[in-house]
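Participant: Got a structure for you, run29.cif, holding mmCIF, C-alpha atoms and all ligand atoms.
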data_run
loop_
_atom_site.group_PDB
_atom_site.id
_atom_site.type_symbol
_atom_site.label_atom_id
_atom_site.label_comp_id
_atom_site.auth_asym_id
_atom_site.auth_seq_id
_atom_site.Cartn_x
_atom_site.Cartn_y
_atom_site.Cartn_z
ATOM 1 C CA ALA A 1 -58.657 51.746 60.388
ATOM 2 C CA THR A 2 -59.076 52.491 64.060
ATOM 3 C CA PRO A 3 -60.284 56.034 64.690
ATOM 4 C CA THR A 4 -57.656 56.515 67.427
ATOM 5 C CA ALA A 5 -54.738 55.863 65.088
ATOM 6 C CA LEU A 6 -56.145 58.324 62.566
ATOM 7 C CA MET A 7 -56.520 60.972 65.217
ATOM 8 C CA VAL A 8 -52.942 60.451 66.332
ATOM 9 C CA GLY A 9 -51.785 60.724 62.757
ATOM 10 C CA THR A 10 -53.742 63.854 61.965
ATOM 11 C CA GLY A 11 -52.938 65.435 65.347
ATOM 12 C CA ARG A 12 -49.228 65.033 64.683
ATOM 13 C CA GLY A 13 -49.938 66.345 61.200
ATOM 14 C CA ALA A 14 -51.424 69.514 62.631
ATOM 15 C CA GLN A 15 -48.291 69.961 64.753
ATOM 16 C CA LEU A 16 -46.161 69.690 61.622
ATOM 17 C CA GLY A 17 -48.393 72.154 59.796
ATOM 18 C CA ILE A 18 -50.134 69.515 57.677
ATOM 19 C CA LEU A 19 -53.934 69.513 57.443
ATOM 20 C CA ILE A 20 -55.525 66.324 56.121
ATOM 21 C CA LYS A 21 -59.072 66.464 54.688
ATOM 22 C CA GLY A 22 -60.111 62.949 55.698
ATOM 23 C CA PRO A 23 -58.930 59.443 56.540
ATOM 24 C CA GLU A 24 -59.363 58.232 52.950
ATOM 25 C CA VAL A 25 -56.474 60.491 51.966
ATOM 26 C CA LEU A 26 -53.986 58.348 53.864
ATOM 27 C CA GLU A 27 -54.358 55.376 51.511
ATOM 28 C CA SER A 28 -53.360 57.539 48.507
ATOM 29 C CA THR A 29 -50.072 58.358 50.187
ATOM 30 C CA ARG A 30 -49.140 54.684 50.202
ATOM 31 C CA ARG A 31 -49.701 54.198 46.467
ATOM 32 C CA ALA A 32 -48.189 57.455 45.137
ATOM 33 C CA ASP A 33 -45.081 56.742 43.034
ATOM 34 C CA THR A 34 -44.842 60.065 41.183
ATOM 35 C CA ILE A 35 -44.954 63.612 42.507
ATOM 36 C CA VAL A 36 -45.668 66.513 40.177
ATOM 37 C CA LEU A 37 -44.375 69.846 41.484
ATOM 38 C CA ASP A 38 -45.639 73.198 40.224
ATOM 39 C CA LYS A 39 -42.710 75.583 39.823
ATOM 40 C CA THR A 40 -43.782 79.131 40.672
ATOM 41 C CA GLY A 41 -44.756 79.512 44.316
ATOM 42 C CA THR A 42 -44.170 75.833 45.062
ATOM 43 C CA VAL A 43 -40.530 75.015 44.252
ATOM 44 C CA THR A 44 -39.634 78.711 44.031
ATOM 45 C CA THR A 45 -40.631 81.470 46.446
ATOM 46 C CA GLY A 46 -42.898 83.084 43.847
ATOM 47 C CA ARG A 47 -41.508 86.431 44.944
ATOM 48 C CA MET A 48 -40.065 87.785 41.758
ATOM 49 C CA THR A 49 -37.940 90.853 41.191
ATOM 50 C CA LEU A 50 -37.674 93.073 38.141
ATOM 51 C CA LEU A 51 -34.010 92.871 37.146
ATOM 52 C CA ALA A 52 -33.728 94.598 33.769
ATOM 53 C CA VAL A 53 -35.649 96.551 31.136
ATOM 54 C CA HIS A 54 -34.698 96.363 27.440
ATOM 55 C CA THR A 55 -36.443 98.919 25.256
ATOM 56 C CA ALA A 56 -36.936 99.453 21.528
ATOM 57 C CA PRO A 57 -35.517 102.737 20.129
ATOM 58 C CA THR A 58 -39.101 104.066 19.770
ATOM 59 C CA THR A 59 -39.621 104.389 23.527
ATOM 60 C CA THR A 60 -38.035 104.925 26.948
ATOM 61 C CA GLU A 61 -37.739 102.826 30.087
ATOM 62 C CA THR A 62 -40.008 105.238 31.954
ATOM 63 C CA GLU A 63 -42.777 105.015 29.374
ATOM 64 C CA VAL A 64 -42.538 101.202 29.265
ATOM 65 C CA LEU A 65 -42.707 100.940 33.043
ATOM 66 C CA ARG A 66 -45.615 103.388 33.375
ATOM 67 C CA LEU A 67 -47.755 101.483 30.897
ATOM 68 C CA ALA A 68 -46.702 97.928 31.820
ATOM 69 C CA GLY A 69 -46.666 98.730 35.542
ATOM 70 C CA ALA A 70 -50.165 100.220 35.392
ATOM 71 C CA LEU A 71 -51.604 97.005 33.911
ATOM 72 C CA GLU A 72 -49.638 94.643 36.138
ATOM 73 C CA HIS A 73 -50.719 96.597 39.205
ATOM 74 C CA ALA A 74 -54.208 95.218 38.563
ATOM 75 C CA SER A 75 -53.010 91.583 38.530
ATOM 76 C CA GLU A 76 -52.073 89.356 41.468
ATOM 77 C CA HIS A 77 -49.673 87.154 39.506
ATOM 78 C CA PRO A 78 -46.180 86.981 41.099
ATOM 79 C CA ILE A 79 -44.672 88.341 37.866
ATOM 80 C CA ALA A 80 -47.194 91.186 37.859
ATOM 81 C CA ARG A 81 -46.287 92.132 41.441
ATOM 82 C CA ALA A 82 -42.604 92.258 40.489
ATOM 83 C CA VAL A 83 -43.269 94.429 37.442
ATOM 84 C CA ALA A 84 -45.588 96.819 39.301
ATOM 85 C CA ALA A 85 -43.192 97.178 42.251
ATOM 86 C CA GLY A 86 -40.203 97.629 39.939
ATOM 87 C CA ALA A 87 -42.103 100.209 37.912
ATOM 88 C CA VAL A 88 -42.955 102.330 40.963
ATOM 89 C CA GLU A 89 -39.380 102.061 42.209
ATOM 90 C CA ARG A 90 -37.692 102.902 38.913
ATOM 91 C CA THR A 91 -40.058 105.664 37.773
ATOM 92 C CA GLY A 92 -40.374 107.088 41.268
ATOM 93 C CA GLY A 93 -43.965 108.025 40.603
ATOM 94 C CA PRO A 94 -47.509 106.746 40.946
ATOM 95 C CA LEU A 95 -48.717 104.586 38.057
ATOM 96 C CA PRO A 96 -51.693 105.497 35.856
ATOM 97 C CA THR A 97 -54.985 103.645 36.388
ATOM 98 C CA PRO A 98 -55.898 101.415 33.425
ATOM 99 C CA GLU A 99 -59.097 102.287 31.569
ATOM 100 C CA ASP A 100 -59.530 98.598 30.788
ATOM 101 C CA PHE A 101 -57.884 95.435 32.132
ATOM 102 C CA ALA A 102 -58.056 91.670 31.602
ATOM 103 C CA ASN A 103 -56.005 88.701 32.779
ATOM 104 C CA VAL A 104 -55.091 86.255 30.038
ATOM 105 C CA PRO A 105 -54.380 83.109 32.094
ATOM 106 C CA GLY A 106 -50.999 81.525 31.386
ATOM 107 C CA LEU A 107 -50.074 84.295 28.966
ATOM 108 C CA GLY A 108 -50.166 87.689 30.674
ATOM 109 C CA VAL A 109 -52.373 90.754 30.889
ATOM 110 C CA GLN A 110 -53.961 93.125 28.402
ATOM 111 C CA GLY A 111 -55.776 96.420 28.691
ATOM 112 C CA VAL A 112 -55.897 100.096 27.944
ATOM 113 C CA VAL A 113 -53.643 102.634 29.680
ATOM 114 C CA GLU A 114 -53.693 106.349 28.831
ATOM 115 C CA GLY A 115 -55.428 105.502 25.563
ATOM 116 C CA HIS A 116 -52.898 102.853 24.506
ATOM 117 C CA ALA A 117 -53.864 99.201 23.936
ATOM 118 C CA VAL A 118 -51.181 97.454 26.022
ATOM 119 C CA LEU A 119 -50.079 93.802 26.247
ATOM 120 C CA VAL A 120 -47.685 92.416 28.878
ATOM 121 C CA GLY A 121 -46.729 88.736 28.932
ATOM 122 C CA ARG A 122 -45.302 85.851 26.959
ATOM 123 C CA THR A 123 -44.284 86.389 23.340
ATOM 124 C CA ARG A 124 -47.109 83.967 22.564
ATOM 125 C CA LEU A 125 -49.576 86.615 23.788
ATOM 126 C CA LEU A 126 -48.069 89.074 21.310
ATOM 127 C CA ALA A 127 -48.209 86.422 18.580
ATOM 128 C CA GLU A 128 -51.964 86.147 19.132
ATOM 129 C CA TRP A 129 -52.127 89.779 18.045
ATOM 130 C CA ALA A 130 -49.744 89.133 15.131
ATOM 131 C CA MET A 131 -46.836 90.915 16.787
ATOM 132 C CA GLU A 132 -43.280 89.697 17.206
ATOM 133 C CA LEU A 133 -40.185 91.038 18.915
ATOM 134 C CA PRO A 134 -37.690 93.020 16.820
ATOM 135 C CA VAL A 135 -34.271 91.325 16.492
ATOM 136 C CA ALA A 136 -32.525 93.203 19.336
ATOM 137 C CA LEU A 137 -35.350 92.478 21.804
ATOM 138 C CA GLU A 138 -35.567 88.855 20.658
ATOM 139 C CA ARG A 139 -31.866 88.527 21.464
ATOM 140 C CA ALA A 140 -32.421 90.080 24.921
ATOM 141 C CA ARG A 141 -35.256 87.599 25.503
ATOM 142 C CA ALA A 142 -33.149 84.586 24.465
ATOM 143 C CA ASP A 143 -30.189 85.712 26.618
ATOM 144 C CA ALA A 144 -32.417 86.279 29.658
ATOM 145 C CA GLU A 145 -34.008 82.845 29.329
ATOM 146 C CA ALA A 146 -30.655 81.151 28.766
ATOM 147 C CA ALA A 147 -29.618 82.741 32.090
ATOM 148 C CA GLY A 148 -32.630 81.131 33.774
ATOM 149 C CA ARG A 149 -34.694 84.303 34.002
ATOM 150 C CA THR A 150 -38.254 84.875 32.826
ATOM 151 C CA ALA A 151 -38.532 87.338 29.937
ATOM 152 C CA ILE A 152 -41.769 89.312 29.648
ATOM 153 C CA ALA A 153 -42.665 91.177 26.477
ATOM 154 C CA VAL A 154 -44.398 94.570 26.443
ATOM 155 C CA ALA A 155 -46.295 95.877 23.426
ATOM 156 C CA TRP A 156 -48.724 98.694 22.728
ATOM 157 C CA ASP A 157 -50.565 100.091 19.762
ATOM 158 C CA GLY A 158 -49.598 97.125 17.616
ATOM 159 C CA GLU A 159 -45.856 97.232 18.252
ATOM 160 C CA ALA A 160 -43.540 95.233 20.529
ATOM 161 C CA ARG A 161 -41.617 97.794 22.612
ATOM 162 C CA ALA A 162 -39.723 96.122 25.425
ATOM 163 C CA VAL A 163 -38.535 92.997 27.196
ATOM 164 C CA LEU A 164 -38.541 92.870 30.983
ATOM 165 C CA GLU A 165 -36.400 90.391 32.908
ATOM 166 C CA VAL A 166 -37.792 88.987 36.128
ATOM 167 C CA ALA A 167 -36.383 86.262 38.331
ATOM 168 C CA ASP A 168 -37.613 84.181 41.184
ATOM 169 C CA ALA A 169 -35.458 82.367 43.750
ATOM 170 C CA VAL A 170 -35.688 78.656 44.490
ATOM 171 C CA LYS A 171 -36.794 78.095 48.118
ATOM 172 C CA ASP A 172 -33.940 77.078 50.458
ATOM 173 C CA THR A 173 -35.642 73.813 51.330
ATOM 174 C CA SER A 174 -36.697 72.670 47.840
ATOM 175 C CA ALA A 175 -33.585 70.632 46.952
ATOM 176 C CA GLU A 176 -33.635 68.818 50.295
ATOM 177 C CA ALA A 177 -37.381 68.188 49.895
ATOM 178 C CA VAL A 178 -36.825 66.643 46.448
ATOM 179 C CA ARG A 179 -34.131 64.366 47.956
ATOM 180 C CA ARG A 180 -36.528 63.238 50.693
ATOM 181 C CA LEU A 181 -39.378 62.652 48.244
ATOM 182 C CA ARG A 182 -37.077 60.448 46.161
ATOM 183 C CA ALA A 183 -36.039 58.578 49.320
ATOM 184 C CA LEU A 184 -39.752 57.845 49.843
ATOM 185 C CA GLY A 185 -39.805 56.222 46.392
ATOM 186 C CA LEU A 186 -41.466 59.097 44.529
ATOM 187 C CA THR A 187 -40.268 60.272 41.116
ATOM 188 C CA PRO A 188 -40.352 64.101 41.029
ATOM 189 C CA ILE A 189 -41.568 65.950 37.924
ATOM 190 C CA LEU A 190 -41.558 69.738 37.450
ATOM 191 C CA LEU A 191 -44.655 71.295 35.842
ATOM 192 C CA THR A 192 -44.892 74.928 34.788
ATOM 193 C CA GLY A 193 -46.342 77.440 32.393
ATOM 194 C CA ASP A 194 -42.985 79.160 32.322
ATOM 195 C CA ASN A 195 -40.517 78.700 29.466
ATOM 196 C CA ARG A 196 -38.355 75.605 29.039
ATOM 197 C CA ALA A 197 -34.976 77.262 29.758
ATOM 198 C CA VAL A 198 -36.169 78.689 33.090
ATOM 199 C CA ALA A 199 -37.916 75.428 33.985
ATOM 200 C CA GLU A 200 -34.806 73.366 33.261
ATOM 201 C CA SER A 201 -32.558 75.693 35.206
ATOM 202 C CA VAL A 202 -34.839 75.390 38.278
ATOM 203 C CA ALA A 203 -35.113 71.593 37.797
ATOM 204 C CA ARG A 204 -31.325 71.270 37.688
ATOM 205 C CA GLU A 205 -30.959 73.356 40.822
ATOM 206 C CA VAL A 206 -33.269 71.124 42.868
ATOM 207 C CA GLY A 207 -32.375 67.763 41.289
ATOM 208 C CA ILE A 208 -35.414 67.004 39.095
ATOM 209 C CA ASP A 209 -34.853 65.181 35.765
ATOM 210 C CA GLU A 210 -38.338 65.303 34.206
ATOM 211 C CA VAL A 211 -39.813 68.656 33.150
ATOM 212 C CA PHE A 212 -43.103 69.707 31.571
ATOM 213 C CA ALA A 213 -42.686 73.384 30.569
ATOM 214 C CA GLU A 214 -44.823 75.951 28.727
ATOM 215 C CA VAL A 215 -47.960 74.107 29.837
ATOM 216 C CA MET A 216 -51.107 76.222 29.620
ATOM 217 C CA PRO A 217 -53.151 76.410 32.866
ATOM 218 C CA GLU A 218 -56.002 74.306 31.453
ATOM 219 C CA ASP A 219 -53.505 71.673 30.241
ATOM 220 C CA LYS A 220 -51.888 71.019 33.633
ATOM 221 C CA VAL A 221 -54.695 68.590 34.458
ATOM 222 C CA ASP A 222 -53.947 66.678 31.210
ATOM 223 C CA VAL A 223 -50.331 66.164 32.259
ATOM 224 C CA VAL A 224 -51.617 64.489 35.443
ATOM 225 C CA LYS A 225 -54.110 62.390 33.419
ATOM 226 C CA ARG A 226 -51.398 61.335 30.988
ATOM 227 C CA LEU A 227 -49.156 60.140 33.835
ATOM 228 C CA GLN A 228 -52.099 58.271 35.374
ATOM 229 C CA ALA A 229 -52.794 56.649 31.989
ATOM 230 C CA GLU A 230 -49.219 55.299 32.130
ATOM 231 C CA GLY A 231 -50.295 53.477 35.295
ATOM 232 C CA ARG A 232 -48.619 55.884 37.700
ATOM 233 C CA SER A 233 -50.202 56.972 40.960
ATOM 234 C CA VAL A 234 -49.745 60.713 40.977
ATOM 235 C CA ALA A 235 -49.305 63.144 43.845
ATOM 236 C CA MET A 236 -49.319 66.815 42.876
ATOM 237 C CA VAL A 237 -48.157 69.869 44.817
ATOM 238 C CA GLY A 238 -49.380 73.308 43.756
ATOM 239 C CA ASP A 239 -50.390 76.746 44.950
ATOM 240 C CA GLY A 240 -52.160 78.583 42.140
ATOM 241 C CA VAL A 241 -55.671 78.901 40.731
ATOM 242 C CA ASN A 242 -53.952 77.321 37.701
ATOM 243 C CA ASP A 243 -53.185 74.205 39.699
ATOM 244 C CA ALA A 244 -56.655 73.562 41.141
ATOM 245 C CA ALA A 245 -57.916 71.181 38.421
ATOM 246 C CA ALA A 246 -54.650 69.215 38.433
ATOM 247 C CA LEU A 247 -54.726 68.992 42.252
ATOM 248 C CA ALA A 248 -58.267 67.625 42.099
ATOM 249 C CA GLN A 249 -57.359 65.131 39.345
ATOM 250 C CA ALA A 250 -54.234 63.859 41.139
ATOM 251 C CA ASP A 251 -54.522 60.727 43.286
ATOM 252 C CA LEU A 252 -53.140 62.870 46.092
ATOM 253 C CA GLY A 253 -53.392 66.689 45.924
ATOM 254 C CA LEU A 254 -51.137 68.719 48.204
ATOM 255 C CA ALA A 255 -51.866 72.454 48.357
ATOM 256 C CA MET A 256 -49.451 75.079 49.595
ATOM 257 C CA GLY A 257 -51.111 76.880 52.516
ATOM 258 C CA THR A 258 -49.506 80.084 51.236
ATOM 259 C CA GLY A 259 -51.330 79.633 47.929
ATOM 260 C CA THR A 260 -54.764 80.515 46.631
ATOM 261 C CA ASP A 261 -58.059 79.355 48.157
ATOM 262 C CA ALA A 262 -58.893 77.506 44.923
ATOM 263 C CA ALA A 263 -55.798 75.319 45.308
ATOM 264 C CA ILE A 264 -56.472 74.689 49.003
ATOM 265 C CA GLU A 265 -60.069 73.665 48.284
ATOM 266 C CA ALA A 266 -58.973 71.317 45.491
ATOM 267 C CA GLY A 267 -56.255 69.589 47.557
ATOM 268 C CA ASP A 268 -56.567 66.568 49.868
ATOM 269 C CA LEU A 269 -53.882 67.937 52.121
ATOM 270 C CA THR A 270 -52.715 71.451 52.985
ATOM 271 C CA LEU A 271 -49.079 72.252 53.751
ATOM 272 C CA VAL A 272 -49.724 75.199 56.059
ATOM 273 C CA ARG A 273 -46.274 76.783 55.936
ATOM 274 C CA GLY A 274 -45.945 76.489 52.173
ATOM 275 C CA ASP A 275 -42.715 74.552 52.549
ATOM 276 C CA LEU A 276 -42.072 71.592 50.235
ATOM 277 C CA LEU A 277 -40.339 69.711 53.064
ATOM 278 C CA ALA A 278 -43.811 69.350 54.572
ATOM 279 C CA ALA A 279 -44.842 67.352 51.468
ATOM 280 C CA ALA A 280 -42.249 64.699 52.361
ATOM 281 C CA ASP A 281 -43.278 64.890 56.050
ATOM 282 C CA ALA A 282 -46.943 64.501 55.082
ATOM 283 C CA ILE A 283 -46.346 61.405 52.983
ATOM 284 C CA ARG A 284 -44.022 59.794 55.539
ATOM 285 C CA LEU A 285 -46.410 60.578 58.414
ATOM 286 C CA SER A 286 -49.469 59.292 56.547
ATOM 287 C CA ARG A 287 -47.719 56.071 55.600
ATOM 288 C CA ARG A 288 -46.593 55.596 59.193
ATOM 289 C CA THR A 289 -50.116 56.227 60.442
ATOM 290 C CA LEU A 290 -51.394 53.548 58.064
ATOM 291 C CA GLY A 291 -48.684 51.240 59.379
ATOM 292 C CA THR A 292 -50.026 51.555 62.920
ATOM 293 C CA ILE A 293 -53.595 51.091 61.718
ATOM 294 C CA ARG A 294 -53.029 47.842 59.846
HETATM 295 P P1 LIG A 301 -46.662 78.757 36.634
HETATM 296 O O1 LIG A 301 -47.250 77.516 36.005
HETATM 297 O O2 LIG A 301 -45.164 78.624 36.702
HETATM 298 O O3 LIG A 301 -47.239 79.006 38.034
HETATM 299 P P2 LIG A 301 -48.367 80.637 34.993
HETATM 300 O O4 LIG A 301 -49.142 79.562 34.284
HETATM 301 O O5 LIG A 301 -49.093 81.439 36.000
HETATM 302 O O6 LIG A 301 -46.973 80.031 35.632
HETATM 303 O O7 LIG A 301 -47.791 81.643 33.895
HETATM 304 C C1 LIG A 301 -47.103 81.150 32.764
HETATM 305 C C2 LIG A 301 -46.343 82.246 32.069
HETATM 306 O O8 LIG A 301 -47.268 83.251 31.529
HETATM 307 C C3 LIG A 301 -45.426 83.043 32.969
HETATM 308 O O9 LIG A 301 -44.147 82.427 33.125
HETATM 309 C C4 LIG A 301 -45.331 84.378 32.208
HETATM 310 O O10 LIG A 301 -44.410 84.269 31.157
HETATM 311 C C5 LIG A 301 -46.722 84.554 31.628
HETATM 312 N N1 LIG A 301 -47.596 85.371 32.513
HETATM 313 C C6 LIG A 301 -48.670 84.943 33.212
HETATM 314 N N2 LIG A 301 -49.257 85.969 33.881
HETATM 315 C C7 LIG A 301 -48.499 87.071 33.629
HETATM 316 C C8 LIG A 301 -48.571 88.453 34.019
HETATM 317 N N3 LIG A 301 -49.512 88.934 34.831
HETATM 318 N N4 LIG A 301 -47.612 89.292 33.543
HETATM 319 C C9 LIG A 301 -46.646 88.843 32.726
HETATM 320 N N5 LIG A 301 -46.535 87.573 32.320
HETATM 321 C C10 LIG A 301 -47.438 86.692 32.747
HETATM 322 MG MG MG A 302 -47.747 78.328 40.849
#
Let me see the file written as structure tokens.
Facilitator:
Amino acid sequence: ATPTALMVGTGRGAQLGILIKGPEVLESTRRADTIVLDKTGTVTTGRMTLLAVHTAPTTTETEVLRLAGALEHASEHPIARAVAAGAVERTGGPLPTPEDFANVPGLGVQGVVEGHAVLVGRTRLLAEWAMELPVALERARADAEAAGRTAIAVAWDGEARAVLEVADAVKDTSAEAVRRLRALGLTPILLTGDNRAVAESVAREVGIDEVFAEVMPEDKVDVVKRLQAEGRSVAMVGDGVNDAAALAQADLGLAMGTGTDAAIEAGDLTLVRGDLLAAADAIRLSRRTLGTIR
């Protein structure tokens, strides 16, 4: 490798909004045959909106949104932002401050609001506390997920009380980016902690055939290891704290510049604008740079 060629390559990279950690990264771009894409914040905008609130007969929409919104206000998760913003908008008032709060990674949030022990998240979080959705709410959850939305359960004081529907839009450029990645010989795979129905609906929209859904944050790295054990050379694109270990494990880690610091530190390459098209640009540019070096 001549230093001049590398500088040209990385200089052009900077122009395209691609930051490369070091010259050794370039070689990984040549070998990569598989590209794992995180869903939320990578393929989708990660900006979610609260679309609907389904409540049990024991409560009201306002009460649900005050308690759920108060907890979610303390979290930075894209779903939490949507719930907190929707709660302020729909209740028209300030939200209470939780007396206690904890993130439960990959599952949701839990805490105490106005003396109530509140859970907001996947039904699996409720199951950990031996709670399940009543029939009407379970139906609302299934319908929402079949429609490609994310359903979030709300429970307090030992009882499931509501289902919230949130949705997140696929980025305009994601489908074109997947096409270009395929043209570069990479097989795209979608990886997410979100439910299977939502994951498959997003995969269909952008043209991905292989989906790993409902993967816990700590298990994302195992998906990458499993693919590597099959003899694949794996590139991974992600944005979240959840993705950091998988980005580090991947043969080539691409971090969304719009994502968390943990992801950016773990990646070999940063896509400054947070646009998946830059992933295809980065791989094409790196391969071309290697071509001039050899
Ligand atoms: P992804 O892998 O798509 O980036 P996460 O691993 O962050 O998703 O979250 C997985 C799932 O856990 C979400 O789809 C949601 O159902 C639930 N979840 C996580 N955090 C929260 C939260 N703060 N509020 C509600 N639900 C949450
Ligand atoms: Mg993400």
Participant: Can you write out as a tab-separated table which residues of stretch 183-253 of chain A fall within 12 Å of stretch 88-110 of chain A, alongside each residue's closest atom pair and its distance in Å to one decimal, counting all atoms listed in the file and ordering rows by chain and ascending residue number?
Facilitator:
residue	atom	partner	partner_atom	distance
A:Thr192	CA	A:Gly106	CA	9.6
A:Gly193	CA	A:Gly106	CA	6.3
A:Asp194	CA	A:Gly106	CA	8.4
A:Asn195	CA	A:Gly106	CA	11.0
A:Ala213	CA	A:Gly106	CA	11.7
A:Glu214	CA	A:Gly106	CA	8.7
A:Val215	CA	A:Gly106	CA	8.2
A:Met216	CA	A:Gly106	CA	5.6
A:Pro217	CA	A:Gly106	CA	5.7
A:Glu218	CA	A:Gly106	CA	8.8
A:Asp219	CA	A:Gly106	CA	10.2
A:Lys220	CA	A:Gly106	CA	10.8
A:Gly240	CA	A:Gly106	CA	11.2
A:Val241	CA	A:Pro105	CA	9.7
A:Asn242	CA	A:Pro105	CA	8.1
A:Asp243	CA	A:Gly106	CA	11.3
Participant: Evaluated on this file, the PyMOL selection byres (((chain A and resi 278) around 12) and not hetatm) picks out some residues - which ones are they, written as number ranges by chain?
Facilitator: A: 13-19, 42, 173-174, 176-178, 180-181, 237, 254-257, 269-277, 279-286
Participant: Take every atom of ligand LIG 301 (chain A) listed in the file, fit an axis-aligned box around them, add 6 Å per side, and give the centre and edge lengths in Å to one decimal as lines of an AutoDock Vina configuration file.
Facilitator:
center_x = -46.8
center_y = 83.4
center_z = 34.6
size_x = 17.4
size_y = 23.8
size_z = 18.9
Participant: Have a look at atom CA of A:Val163 and atom CA of A:Leu137 and let me know their distance in Å, one decimal.
Facilitator: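 Calculated distance between atom CA of A:Val163 and atom CA of A:Leu137 is 6.3 Å.
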Participant: Using the chain letters and numbers from this file, what does the PyMOL selection byres (((chain A and resi 85) around 10) and not hetatm) select? Give the answer as number ranges by chain.
Facilitator: A: 48-50, 65, 69, 72-73, 79-84, 86-90
Participant: Would you work out the distance separating atom CA of A:Ala52 from atom C7 of ligand LIG 301 (chain A), expressed in Å to one decimal?
Facilitator: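 Distance between the two atoms: 16.6 Å.
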Participant: What gap, in Å, lies between atom CA of A:Glu210 and atom CA of A:Leu190?
Facilitator: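 It comes out at 6.4 Å.
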Participant: Given the choices A:Pro23, A:Gly158, A:Pro78, A:Gly185, which gets closest to ligand LIG 301 (chain A) if the distance is worked out from all atoms listed in the file?
Facilitator: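 Between A:Pro23, A:Gly158, A:Pro78, A:Gly185, the residue approaching ligand LIG 301 (chain A) most closely is A:Pro78.
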Participant: Nearest to ligand LIG 301 (chain A): which of A:Val202, A:Ile208, A:Val135, A:Leu184 is it, counting all atoms listed in the file?
Facilitator: A:Val202
Participant: Compare A:Gly207, A:Pro188, A:Pro57, A:Gly259 by their minimum atom-to-atom distance to A:Asp33, counting only C-alpha atoms, and give me the closest one.
Facilitator: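 Among the listed residues, A:Pro188 lies closest to A:Asp33.
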Participant: Which of these residues is nearest to ligand MG 302 (chain A), using all atoms listed in the file: A:Gly231, A:Gly148, A:Gly22, A:Gly238?
Facilitator: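 For ligand MG 302 (chain A), the nearest of the candidates is A:Gly238.
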Participant: Taking all atoms listed in the file into account, report as a PyMOL selection string which residues have an atom no farther than 6 Å from an atom of ligand MG 302 (chain A).
Facilitator: chain A and resi 38-41+239-240
Participant: Starting from the displayed file, determine the output of the PyMOL selection byres (((chain A and resi 162) around 6) and not hetatm) and express the residue list as a PyMOL selection string.
Facilitator: chain A and resi 54-56+153-154+161+163
Participant: For a quick check of your reading of the model, name the residues lying within 6 Å of the coordinate (-49.0, 95.5, 28.8), counting only C-alpha atoms, and write them as a PDB file with C-alpha atoms, keeping the file's coordinate frame.
Facilitator:
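For reference, result.pdb as written:
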ATOM      1  CA  ALA A  68     -46.702  97.928  31.820  1.00  0.00           C
ATOM      2  CA  LEU A  71     -51.604  97.005  33.911  1.00  0.00           C
ATOM      3  CA  GLN A 110     -53.961  93.125  28.402  1.00  0.00           C
ATOM      4  CA  VAL A 118     -51.181  97.454  26.022  1.00  0.00           C
ATOM      5  CA  LEU A 119     -50.079  93.802  26.247  1.00  0.00           C
ATOM      6  CA  VAL A 120     -47.685  92.416  28.878  1.00  0.00           C
ATOM      7  CA  VAL A 154     -44.398  94.570  26.443  1.00  0.00           C
TER       8      VAL A 154
END
Participant: Considering only C-alpha atoms and all ligand atoms, can you say which of A:Val224, A:Ala140, A:Leu191, A:Met131 comes closest to ligand LIG 301 (chain A)?
Facilitator: A:Leu191
Participant: Quick one: of A:Thr45, A:Thr59, A:Ser75, A:Thr29, who's nearest to ligand LIG 301 (chain A), counting all atoms listed in the file?
Facilitator: A:Ser75
Participant: Using all atoms listed in the file - which residues lie no farther than 6 Å from the point (-33.1, 80.4, 31.9) in the file's frame? Write them as a count of residues only.
Facilitator: 8
Participant: Find the residues near A:Glu265: any atom within 8 Å, counting only C-alpha atoms, skip ones fewer than 3 places away on the same chain, and give them as a ChimeraX atom specification.
Facilitator: /A:244,261-262
Participant: Convert the current residue selection to file output with C-alpha atoms, as a PDB file, in the coordinates of the input.
Facilitator:
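This went into again39.pdb:
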ATOM      1  CA  ALA A 244     -56.655  73.562  41.141  1.00  0.00           C
ATOM      2  CA  ASP A 261     -58.059  79.355  48.157  1.00  0.00           C
ATOM      3  CA  ALA A 262     -58.893  77.506  44.923  1.00  0.00           C
TER       4      ALA A 262
END
Participant: My structure is short of atoms at stretch 33-39 of chain A; please model N, CA and C atoms there, returning them as a compact mmCIF listing (two decimals), in the frame of the given file.
Facilitator:
# COMPACT_ATOMS: atom_id res chain seq x y z
N ASP A 33 -46.45 57.06 43.47
CA ASP A 33 -45.08 56.74 43.03
C ASP A 33 -44.46 57.90 42.24
N THR A 34 -45.28 58.93 41.99
CA THR A 34 -44.84 60.06 41.18
C THR A 34 -45.32 61.32 41.88
N ILE A 35 -44.49 62.35 41.92
CA ILE A 35 -44.95 63.61 42.51
C ILE A 35 -44.67 64.76 41.55
N VAL A 36 -45.75 65.40 41.12
CA VAL A 36 -45.67 66.51 40.18
C VAL A 36 -45.59 67.80 41.00
N LEU A 37 -44.57 68.61 40.73
CA LEU A 37 -44.38 69.85 41.48
C LEU A 37 -44.56 71.05 40.57
N ASP A 38 -45.49 71.92 40.92
CA ASP A 38 -45.64 73.20 40.22
C ASP A 38 -44.39 74.01 40.53
N LYS A 39 -43.95 74.83 39.59
CA LYS A 39 -42.71 75.58 39.82
C LYS A 39 -42.95 76.84 40.67
